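Engineer: A single structure is presented below for examination.
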Amino acid sequence: MKKLLKNVLEKVHVLKIIGIKNTSKFIEGISVDSKIVQPNMIFVARKGKKTDGHKFIMDAIQKGANTIICENKFFSIHKHVTYVLVPDSVEALGIISSNFYDHPTKKIKLIGITGTNGKTSVATILHQLFSKMGEKNILISTMCIKILSKKYPTTHTTPNIIDINKYLNISIQKGCKYAFMEVSSHGIDQKRIAGLLFKGGVFTNITHDHLDYHKSFRHYLSIKRLFFNNLSKKAFALVNSDDENSHQIIKKTLAKIYFYGIKKKSDFKIKILKENIDGNQLLIDGHQIFSHLIGRFNIYNLLAGYATAILLGKNKNDIIKSIKHVSPINGRFERLVSHSGLRIIIDYAHNPDGLKSVLNTLKSIKKDDEKLICVIGCGGNRDRKKRSLMGKIVYETCDIPIFTSDNPRDEDINKIFNDMKNFKSYLKKKYILTFMKREEAIQTAIQIAKKKDIILIAGKGHETFQEIKGVRYSFNDMKIAKYLLKTYDK
């Protein structure tokens, strides 16, 4: 792909151009990583939390960058390079990316889904739902970028703005009219969605999480609110009315506001007729449907998907016909039943509220003579405050709590265990099993479980690795559980 520099710089706040001032030259790509720069690319030097991209300007030039976007001029001028000084490189990057990839969000209906829990589920439900209705669309989520049926790997919940525009452009070329995208608080704060035009925003909920990054719940809330503040008058904001912070989130939005929920008065409501381990019998707009998605939290996610489809102008009967066929999402309350009837649930729950929702669902489903066993760990180098909260929830809700490793990263696993056990409880005699190796913890859970017991393996969900001391080792909860069941299933 080629574009004239003057077209790529359109609407960018340029303070000054230094060096070669010819803006009629061709640009063949954009990069924020000097290691992957190729000839005739723009290199955007950003000031990050850990490192400053301005230090790598010379590296980028040596790789062939012909244009540098930067915030200061304290560098050696290379005679064949154009230096574009801007007040904010990150904001400029958003505009440049959109210009280079032909303004994809002007041509596709982009929906952003944000919240502590449920982002992946709602985005994936929408992707499945629209696909089943015959509507071509792109999914941008934690698990992958998916255009029609083709998957592209991702490393962040919200990818960088270059990749977002690139894949949106590819999706448009393939005939996509809709885009469903997770929007994380990190992505909002780091301006990874700068320059994107959203047709709508969905708010699922907000609870204790990411406070290692945001430092306070108040700051976390303000970042989520910023996403809705930036929606246009032509956009819609769909908000979970049952979340206690729902009105805080939309305080200053210009978008048209709609509410969805189960308990409070809402524009979109759903009635639960029957809940069990196989799924839920539901009533939506006078239509009875059975959904294989398990748990009350998934009923909220399904309703958010239904409401979004209505707001995007889809036919109600078509939605009802298709939504009942939405299948369970990989690593989100994913179920495995052994030959003996032992039930294993794999879920990504990695914060107190998500964990509590999953465990309460399982507790309401199981019978008195059935045990609930939970295998859980907490990530290293992340929010330490939530560890004791999660430990207490498991300790007080489960019959057998098993603490193990998650992604310890650079932290001592014993330190993480100590944090998880640092709580006070009205229960005094219940023990906690502890295993440093996650596979041993899962194995023990399967060995001690009896027919019809439920094992929750929480925290990693769809992830296919464990990160320990800077190395990612192959590890998949579902694969491990299936393998162990072959040996230990009664």
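Identifiers for the structure tokens are assigned positionally: chains receive A, B, ... in sequence, residues are indexed from 1 per chain, and ligands are indexed from 1 in the order shown.
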Taking 3 positions as the minimum chain separation for residues in the same chain, which residues sit within 9 Å of Asn205 of chain A when counting only C-alpha atoms? Answer as a ChimeraX atom specification.

Structural biologist: /A:114-118,239-240,242-246

Engineer: So which residues touch Ala349 of chain A within 7 Å, counting only C-alpha atoms, skipping near sequence neighbours fewer than 4 positions away, as a ChimeraX atom specification?

Structural biologist: /A:354-355,458-459

Engineer: Please, could you write that set of residues out with C-alpha atoms as a short mmCIF file (atom, residue, chain, number, x, y, z; two decimals), in the first residue's frame?

Structural biologist:
data_model
loop_
_atom_site.label_atom_id
_atom_site.label_comp_id
_atom_site.auth_asym_id
_atom_site.auth_seq_id
_atom_site.Cartn_x
_atom_site.Cartn_y
_atom_site.Cartn_z
CA GLY A 354 -16.08 -12.14 37.69
CA LEU A 355 -15.06 -14.98 40.00
CA ALA A 458 -10.46 -20.26 36.76
CA GLY A 459 -8.26 -17.39 35.69
#

Engineer: Mind checking which residues fall within 8 Å of Asn476 of chain A, counting only C-alpha atoms, ignoring those fewer than 3 positions away in the same chain, and posting them as a VMD selection string?

Structural biologist: chain A and resid 462 to 465 479 to 480

Engineer: Could you dump the residues just selected with N, CA and C atoms as a PDB file, in the first residue's frame?

Structural biologist:
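Contents of again-v8.pdb, as written:
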ATOM      1  N   HIS A 462      -9.120 -18.916  27.858  1.00  0.00           N
ATOM      2  CA  HIS A 462      -8.675 -19.237  26.491  1.00  0.00           C
ATOM      3  C   HIS A 462      -7.159 -19.259  26.337  1.00  0.00           C
ATOM      4  N   GLU A 463      -6.416 -18.761  27.332  1.00  0.00           N
ATOM      5  CA  GLU A 463      -4.959 -18.626  27.190  1.00  0.00           C
ATOM      6  C   GLU A 463      -4.288 -19.978  26.963  1.00  0.00           C
ATOM      7  N   THR A 464      -3.250 -19.971  26.161  1.00  0.00           N
ATOM      8  CA  THR A 464      -2.552 -21.221  25.805  1.00  0.00           C
ATOM      9  C   THR A 464      -1.114 -21.234  26.327  1.00  0.00           C
ATOM     10  N   PHE A 465      -0.861 -20.464  27.372  1.00  0.00           N
ATOM     11  CA  PHE A 465       0.497 -20.368  27.908  1.00  0.00           C
ATOM     12  C   PHE A 465       0.461 -20.039  29.396  1.00  0.00           C
ATOM     13  N   LYS A 479      -7.064 -28.421  27.465  1.00  0.00           N
ATOM     14  CA  LYS A 479      -6.294 -29.566  26.962  1.00  0.00           C
ATOM     15  C   LYS A 479      -5.754 -30.419  28.109  1.00  0.00           C
ATOM     16  N   ILE A 480      -5.251 -29.739  29.147  1.00  0.00           N
ATOM     17  CA  ILE A 480      -4.716 -30.450  30.319  1.00  0.00           C
ATOM     18  C   ILE A 480      -5.828 -31.255  31.001  1.00  0.00           C
TER      19      ILE A 480
END

Engineer: Which of these residues is nearest to Lys106 of chain A, using only C-alpha atoms: A:Lys25, A:Lys177, A:Lys132, A:Arg296?

Structural biologist: A:Lys177

Engineer: Please, what distance in Å, to one decimal, runs between atom CA of Phe435 of chain A and atom CA of Asp399 of chain A?

Structural biologist: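 According to the coordinates, atom CA of Phe435 of chain A and atom CA of Asp399 of chain A are separated by 17.1 Å.
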
Engineer: I need the strand (DSSP E) residues of segment 185-366 of chain A per DSSP on the backbone, written as a count of residues only.

Structural biologist: 44

Engineer: Taking only C-alpha atoms into account, name the residue in A:Lys269, A:Lys421, A:Thr124, A:Ser222 that is nearest to Ile323 of chain A.

Structural biologist: A:Thr124

Engineer: If DSSP is run on the backbone, what residues of segment 36-211 of chain A are helix (DSSP H, G or I)? A reply as a PyMOL selection string would be ideal.

Structural biologist: chain A and resi 36+53-63+89-100+104-106+119-132+161-173+185-189+211

Engineer: Show me, as a PyMOL selection string, the residues that have an atom within 9 Å of Pro104 of chain A when counting only C-alpha atoms, minus same-chain residues fewer than 6 positions from it.

Structural biologist: chain A and resi 98+165-166+168-169+172+196-197

Engineer: Excluding same-chain residues fewer than 2 positions from segment 436-449 of chain A, what lies within 8 Å of it counting only C-alpha atoms, as a tab-separated table (two decimals) with C-alpha atoms, in the first residue's frame?

Structural biologist:
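As written to disk, result.tsv reads:
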chain	number	residue	atom	x	y	z
A	342	LEU	CA	-17.86	-35.14	36.49
A	371	LYS	CA	-19.15	-30.73	45.76
A	373	ILE	CA	-14.06	-27.54	43.73
A	374	CYS	CA	-12.15	-24.50	42.49
A	375	VAL	CA	-8.62	-24.34	41.03
A	402	ILE	CA	-7.19	-25.23	45.50
A	403	PHE	CA	-4.70	-22.37	45.09
A	404	THR	CA	-2.09	-22.64	42.33
A	405	SER	CA	-0.08	-20.62	39.82
A	406	ASP	CA	-1.65	-18.46	37.11
A	413	ILE	CA	4.70	-17.76	43.61
A	434	THR	CA	-1.81	-25.37	47.48
A	451	LYS	CA	-19.48	-38.24	40.03
A	453	ASP	CA	-19.13	-32.84	41.35
A	454	ILE	CA	-18.23	-29.56	39.64
A	455	ILE	CA	-14.64	-28.35	39.15
A	457	ILE	CA	-10.62	-24.04	36.69
A	480	ILE	CA	-4.72	-30.45	30.32
A	481	ALA	CA	-8.12	-31.30	31.82
A	484	LEU	CA	-5.95	-35.92	32.81
A	485	LEU	CA	-9.51	-37.19	32.55
A	488	TYR	CA	-8.19	-40.37	36.33
A	489	ASP	CA	-11.84	-40.38	35.28

Engineer: List the spatial neighbours of Gly64 of chain A as a PyMOL selection string - criterion: any atom at most 9 Å away, only C-alpha atoms, same-chain residues fewer than 5 positions off excluded.

Structural biologist: chain A and resi 37-41+59

Engineer: Tell me which protein, DNA and RNA residues are within 8 Å of segment 407-411 of chain A, counting only C-alpha atoms, leaving out same-chain ones fewer than 3 positions away, and put them as a list in words.

Structural biologist: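 Contacts, with the query itself left out: Cys378, Gly379, Gly380, Asn381, Lys415, Ile416, Gln466, Glu467, Ile468, Lys469 and Gly470 of chain A.
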
Engineer: Could you list, with a cut-off of 9 Å and counting only C-alpha atoms, the residues of segment 150-229 of chain A near segment 110-113 of chain A, each shown with its nearest atom pair and the distance in Å rounded to one decimal, rows sorted by chain and ascending number, as JSON lines?

Structural biologist:
{"residue": "A:Lys177", "atom": "CA", "partner": "A:Leu110", "partner_atom": "CA", "distance": 8.7}
{"residue": "A:Tyr178", "atom": "CA", "partner": "A:Leu110", "partner_atom": "CA", "distance": 6.0}
{"residue": "A:Ala179", "atom": "CA", "partner": "A:Leu110", "partner_atom": "CA", "distance": 4.6}
{"residue": "A:Phe180", "atom": "CA", "partner": "A:Ile111", "partner_atom": "CA", "distance": 5.0}
{"residue": "A:Met181", "atom": "CA", "partner": "A:Gly112", "partner_atom": "CA", "distance": 5.0}
{"residue": "A:Glu182", "atom": "CA", "partner": "A:Ile113", "partner_atom": "CA", "distance": 4.9}
{"residue": "A:Val183", "atom": "CA", "partner": "A:Ile113", "partner_atom": "CA", "distance": 5.6}
{"residue": "A:Ser184", "atom": "CA", "partner": "A:Ile113", "partner_atom": "CA", "distance": 8.4}
{"residue": "A:Leu196", "atom": "CA", "partner": "A:Leu110", "partner_atom": "CA", "distance": 8.5}
{"residue": "A:Leu197", "atom": "CA", "partner": "A:Leu110", "partner_atom": "CA", "distance": 7.2}
{"residue": "A:Phe198", "atom": "CA", "partner": "A:Leu110", "partner_atom": "CA", "distance": 5.0}
{"residue": "A:Lys199", "atom": "CA", "partner": "A:Leu110", "partner_atom": "CA", "distance": 5.3}
{"residue": "A:Gly200", "atom": "CA", "partner": "A:Ile111", "partner_atom": "CA", "distance": 4.8}
{"residue": "A:Gly201", "atom": "CA", "partner": "A:Gly112", "partner_atom": "CA", "distance": 4.8}
{"residue": "A:Val202", "atom": "CA", "partner": "A:Ile113", "partner_atom": "CA", "distance": 4.6}
{"residue": "A:Phe203", "atom": "CA", "partner": "A:Ile113", "partner_atom": "CA", "distance": 6.2}
{"residue": "A:Thr204", "atom": "CA", "partner": "A:Ile113", "partner_atom": "CA", "distance": 7.5}
{"residue": "A:Phe227", "atom": "CA", "partner": "A:Gly112", "partner_atom": "CA", "distance": 8.9}

Engineer: Only C-alpha atoms, please: the residues just picked out, written as an mmCIF file, in the first residue's frame.

Structural biologist:
data_model
loop_
_atom_site.group_PDB
_atom_site.id
_atom_site.type_symbol
_atom_site.label_atom_id
_atom_site.label_comp_id
_atom_site.auth_asym_id
_atom_site.auth_seq_id
_atom_site.Cartn_x
_atom_site.Cartn_y
_atom_site.Cartn_z
ATOM 1 C CA LYS A 177 -20.247 -3.823 7.116
ATOM 2 C CA TYR A 178 -19.948 -4.284 10.887
ATOM 3 C CA ALA A 179 -17.057 -4.339 13.368
ATOM 4 C CA PHE A 180 -17.279 -5.488 16.998
ATOM 5 C CA MET A 181 -14.344 -4.495 19.165
ATOM 6 C CA GLU A 182 -13.334 -4.867 22.801
ATOM 7 C CA VAL A 183 -12.187 -1.561 24.275
ATOM 8 C CA SER A 184 -10.009 -1.924 27.385
ATOM 9 C CA LEU A 196 -11.664 5.851 15.414
ATOM 10 C CA LEU A 197 -15.318 6.732 14.766
ATOM 11 C CA PHE A 198 -17.699 4.534 16.765
ATOM 12 C CA LYS A 199 -21.306 3.933 15.731
ATOM 13 C CA GLY A 200 -22.046 2.734 19.255
ATOM 14 C CA GLY A 201 -20.582 1.896 22.640
ATOM 15 C CA VAL A 202 -21.668 -0.876 25.027
ATOM 16 C CA PHE A 203 -20.983 -0.750 28.777
ATOM 17 C CA THR A 204 -21.172 -4.128 30.550
ATOM 18 C CA PHE A 227 -14.785 6.402 25.958
#

Engineer: When you count only C-alpha atoms, which of these residues is closest to Lys251 of chain A: A:Ile138, A:Leu456, A:Ile30, A:Ala237?

Structural biologist: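 The closest residue to Lys251 of chain A is A:Ala237.
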
Engineer: Between atom CA of Tyr220 of chain A and atom CA of Met390 of chain A, what is the distance, to one decimal in Å?

Structural biologist: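 About the pair atom CA of Tyr220 of chain A and atom CA of Met390 of chain A: they are 19.3 Å apart.
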
Engineer: Would you compute the distance between atom CA of Gly461 of chain A and atom CA of Asp369 of chain A? Give it in Å to one decimal.

Structural biologist: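 Atom-to-atom, atom CA of Gly461 of chain A to atom CA of Asp369 of chain A, that is 27.3 Å.
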
Engineer: With distances taken over only C-alpha atoms, which residue among A:Glu275, A:Asp318, A:Asp285, A:Asp347 lies nearest Leu129 of chain A?

Structural biologist: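 Among A:Glu275, A:Asp318, A:Asp285, A:Asp347, it is A:Asp318 that comes nearest to Leu129 of chain A.
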